[in-house]
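Here's structure35.pdb, which has PDB, C-alpha atoms:
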ATOM      1  CA  ALA A   1    -103.123 -64.433  90.557
ATOM      2  CA  GLY A   2    -102.776 -67.873  92.107
ATOM      3  CA  GLY A   3    -103.493 -67.213  95.772
ATOM      4  CA  ILE A   4    -105.892 -69.278  97.866
ATOM      5  CA  ASN A   5    -108.605 -67.361  99.699
ATOM      6  CA  ILE A   6    -108.986 -68.614 103.292
ATOM      7  CA  VAL A   7    -112.652 -67.592 103.203
ATOM      8  CA  ASN A   8    -113.080 -70.283 100.540
ATOM      9  CA  GLY A   9    -115.979 -68.986  98.513
ATOM     10  CA  GLU A  10    -118.063 -67.626 101.397
ATOM     11  CA  GLY A  11    -118.276 -64.202  99.724
ATOM     12  CA  TRP A  12    -117.890 -60.769 101.297
ATOM     13  CA  ILE A  13    -118.630 -61.639 104.891
ATOM     14  CA  GLN A  14    -117.382 -60.477 108.254
ATOM     15  CA  TYR A  15    -114.894 -63.269 108.871
ATOM     16  CA  PRO A  16    -114.296 -64.287 112.509
ATOM     17  CA  GLU A  17    -110.910 -63.305 113.912
ATOM     18  CA  GLU A  18    -110.450 -66.797 115.357
ATOM     19  CA  LYS A  19    -110.756 -68.342 111.892
ATOM     20  CA  VAL A  20    -108.118 -65.968 110.480
ATOM     21  CA  ILE A  21    -105.718 -66.909 113.265
ATOM     22  CA  GLU A  22    -106.470 -70.611 112.742
ATOM     23  CA  ALA A  23    -105.973 -70.379 108.960
ATOM     24  CA  ASN A  24    -102.605 -68.650 109.491
ATOM     25  CA  PRO A  25    -102.437 -66.924 106.072
ATOM     26  CA  GLN A  26     -99.062 -66.224 104.486
ATOM     27  CA  VAL A  27    -100.317 -62.956 102.950
ATOM     28  CA  ILE A  28    -103.146 -60.642 103.995
ATOM     29  CA  LEU A  29    -104.575 -58.247 101.414
ATOM     30  CA  THR A  30    -106.459 -55.184 102.602
ATOM     31  CA  THR A  31    -108.092 -52.344 100.743
ATOM     32  CA  TYR A  32    -107.861 -48.662 101.501
ATOM     33  CA  HIS A  33    -109.830 -45.622 100.502
ATOM     34  CA  ILE A  34    -109.766 -41.919 101.225
ATOM     35  CA  ASN A  35    -110.773 -42.314 104.908
ATOM     36  CA  VAL A  36    -108.501 -45.265 105.770
ATOM     37  CA  LYS A  37    -105.069 -45.003 104.148
ATOM     38  CA  GLU A  38    -103.041 -47.804 105.774
ATOM     39  CA  PRO A  39    -105.234 -50.560 107.226
ATOM     40  CA  SER A  40    -102.171 -52.829 107.276
ATOM     41  CA  LYS A  41    -100.819 -50.886 110.270
ATOM     42  CA  GLN A  42    -103.932 -51.836 112.238
ATOM     43  CA  ILE A  43    -103.533 -55.495 111.309
ATOM     44  CA  LEU A  44     -99.804 -55.587 112.073
ATOM     45  CA  SER A  45    -100.439 -54.218 115.567
ATOM     46  CA  ARG A  46    -103.561 -56.290 116.305
ATOM     47  CA  GLU A  47    -103.336 -58.137 119.606
ATOM     48  CA  GLY A  48    -103.193 -61.910 119.229
ATOM     49  CA  TRP A  49    -102.128 -61.822 115.575
ATOM     50  CA  GLN A  50     -98.348 -61.763 116.109
ATOM     51  CA  ASP A  51     -98.021 -65.500 115.298
ATOM     52  CA  ILE A  52     -99.814 -65.285 111.936
ATOM     53  CA  GLU A  53     -97.257 -65.837 109.139
ATOM     54  CA  ALA A  54     -98.387 -62.744 107.204
ATOM     55  CA  VAL A  55     -97.940 -60.546 110.261
ATOM     56  CA  LYS A  56     -94.631 -62.092 111.354
ATOM     57  CA  ASN A  57     -93.212 -61.643 107.844
ATOM     58  CA  GLN A  58     -94.734 -58.174 107.223
ATOM     59  CA  ARG A  59     -96.789 -59.501 104.299
ATOM     60  CA  VAL A  60     -99.906 -57.414 104.932
ATOM     61  CA  VAL A  61    -100.495 -55.429 101.747
ATOM     62  CA  ASP A  62    -102.776 -52.437 101.224
ATOM     63  CA  LEU A  63    -104.512 -52.330  97.835
ATOM     64  CA  ASP A  64    -106.382 -49.354  96.369
ATOM     65  CA  SER A  65    -110.071 -50.210  96.731
ATOM     66  CA  ASN A  66    -110.880 -48.176  93.595
ATOM     67  CA  LEU A  67    -108.788 -50.620  91.580
ATOM     68  CA  VAL A  68    -109.833 -53.923  93.121
ATOM     69  CA  THR A  69    -113.539 -53.382  93.725
ATOM     70  CA  ARG A  70    -114.740 -51.588  90.589
ATOM     71  CA  PRO A  71    -115.144 -53.420  87.316
ATOM     72  CA  GLY A  72    -113.444 -51.921  84.299
ATOM     73  CA  SER A  73    -110.161 -51.742  82.487
ATOM     74  CA  ARG A  74    -108.268 -50.867  85.691
ATOM     75  CA  ILE A  75    -108.882 -54.398  86.958
ATOM     76  CA  VAL A  76    -105.703 -55.386  85.089
ATOM     77  CA  SER A  77    -103.757 -53.012  87.362
ATOM     78  CA  ALA A  78    -105.515 -54.526  90.365
ATOM     79  CA  LEU A  79    -104.534 -58.037  89.326
ATOM     80  CA  GLU A  80    -100.941 -56.878  88.913
ATOM     81  CA  GLN A  81    -100.966 -55.413  92.448
ATOM     82  CA  ILE A  82    -102.329 -58.685  93.829
ATOM     83  CA  ALA A  83     -99.716 -60.717  91.951
ATOM     84  CA  LYS A  84     -96.959 -58.446  93.319
ATOM     85  CA  ALA A  85     -98.297 -58.971  96.841
ATOM     86  CA  LEU A  86     -98.366 -62.740  96.436
ATOM     87  CA  TYR A  87     -95.077 -63.100  94.536
ATOM     88  CA  PRO A  88     -92.820 -60.162  95.454
ATOM     89  CA  ASN A  89     -89.645 -61.964  94.328
ATOM     90  CA  ILE A  90     -90.913 -62.220  90.757
ATOM     91  CA  PHE A  91     -91.693 -58.480  90.536
ATOM     92  CA  LYS A  92     -88.488 -57.006  91.964
TER
END
Serialized structure, structure tokens:
Amino acid sequence: AGGINIVNGEGWIQYPEEKVIEANPQVILTTYHINVKEPSKQILSREGWQDIEAVKNQRVVDLDSNLVTRPGSRIVSALEQIAKALYPNIFK
């Protein structure tokens, strides 16, 4: 969808909080499932993250983990959700 991953090819790792703050992402994408519905609320209220661009501008987006983590035809819907998160002005 055109975004740049701050993890930069390191895979699915536990990324240090300090590195996220240092990278200062413009958008943060999260995934939710049946047990955790709105992880963005946790990120938006996280202490020390108030100066991150994504947090300041409320650009923390929850994506359905069933769409973005499972291969199949629904991956097209997942890509559309990611594109909408990255480029909200295009998809109004």
(request) Go through A:Ile75, A:Val7, A:Ile28, A:Ile21 and flag the residue nearest Lys41 (chain A), using all atoms listed in the file for the distances. (result)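 Under the stated criterion, the closest residue is A:Ile28.
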(request) Select, from A:Trp49, A:Phe91, A:Ile82, A:Thr31, the residue with the minimum atom-to-atom distance to Thr69 (chain A), counting all atoms listed in the file. (result) A:Thr31
(request) Could you pull out every residue with an atom within 10 Å of (-102.6, -52.9, 92.2), file coordinates, counting all atoms listed in the file, and send them as a PyMOL selection string? (result) chain A and resi 62-68+74-85
Contact residues around Leu86 (chain A) with all atoms listed in the file at 12 Å, ignoring same-chain residues under 5 positions, as a compact mmCIF listing (two decimals) with C-alpha atoms, keeping the file's coordinate frame:
# COMPACT_ATOMS: atom_id res chain seq x y z
CA ALA A 1 -103.12 -64.43 90.56
CA GLY A 2 -102.78 -67.87 92.11
CA GLY A 3 -103.49 -67.21 95.77
CA ILE A 4 -105.89 -69.28 97.87
CA ASN A 5 -108.60 -67.36 99.70
CA PRO A 25 -102.44 -66.92 106.07
CA GLN A 26 -99.06 -66.22 104.49
CA VAL A 27 -100.32 -62.96 102.95
CA ILE A 28 -103.15 -60.64 104.00
CA LEU A 29 -104.58 -58.25 101.41
CA ALA A 54 -98.39 -62.74 107.20
CA ARG A 59 -96.79 -59.50 104.30
CA VAL A 60 -99.91 -57.41 104.93
CA VAL A 61 -100.50 -55.43 101.75
CA LEU A 79 -104.53 -58.04 89.33
CA GLU A 80 -100.94 -56.88 88.91
CA GLN A 81 -100.97 -55.41 92.45
CA PHE A 91 -91.69 -58.48 90.54
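One finds CA of Thr30 (chain A) at 15.0 Å from CA of Arg70 (chain A).
For Glu22 (chain A), the set of protein, DNA and RNA residues having any atom at most 12 Å away, when counting all atoms listed in the file and skipping those fewer than 6 positions along the same chain, is Ile6, Val7, Tyr15, Pro16, Gly48, Trp49, Asp51, Ile52 and Glu53 of chain A.
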Could you take the residues named above and write them with C-alpha atoms, as a short mmCIF file (atom, residue, chain, number, x, y, z; two decimals), keeping the file's coordinate frame?
data_model
loop_
_atom_site.label_atom_id
_atom_site.label_comp_id
_atom_site.auth_asym_id
_atom_site.auth_seq_id
_atom_site.Cartn_x
_atom_site.Cartn_y
_atom_site.Cartn_z
CA ILE A 6 -108.99 -68.61 103.29
CA VAL A 7 -112.65 -67.59 103.20
CA TYR A 15 -114.89 -63.27 108.87
CA PRO A 16 -114.30 -64.29 112.51
CA GLY A 48 -103.19 -61.91 119.23
CA TRP A 49 -102.13 -61.82 115.58
CA ASP A 51 -98.02 -65.50 115.30
CA ILE A 52 -99.81 -65.28 111.94
CA GLU A 53 -97.26 -65.84 109.14
#
Determine the axis-aligned bounding box of all atoms of region 28-34 of chain A present in the file, pad each side by 3 Å, and express its centre and edge lengths in Å to one decimal place as AutoDock Vina command-line options.
--center_x -106.5 --center_y -51.3 --center_z 102.2 --size_x 12.7 --size_y 24.7 --size_z 9.5
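CA of Lys92 (chain A) is found 28.4 Å from CA of Val20 (chain A).
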(request) State, in Å with one decimal place, the distance from CA of Val55 (chain A) to CA of Asn24 (chain A). (result)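 Distance between the two atoms: 9.4 Å.
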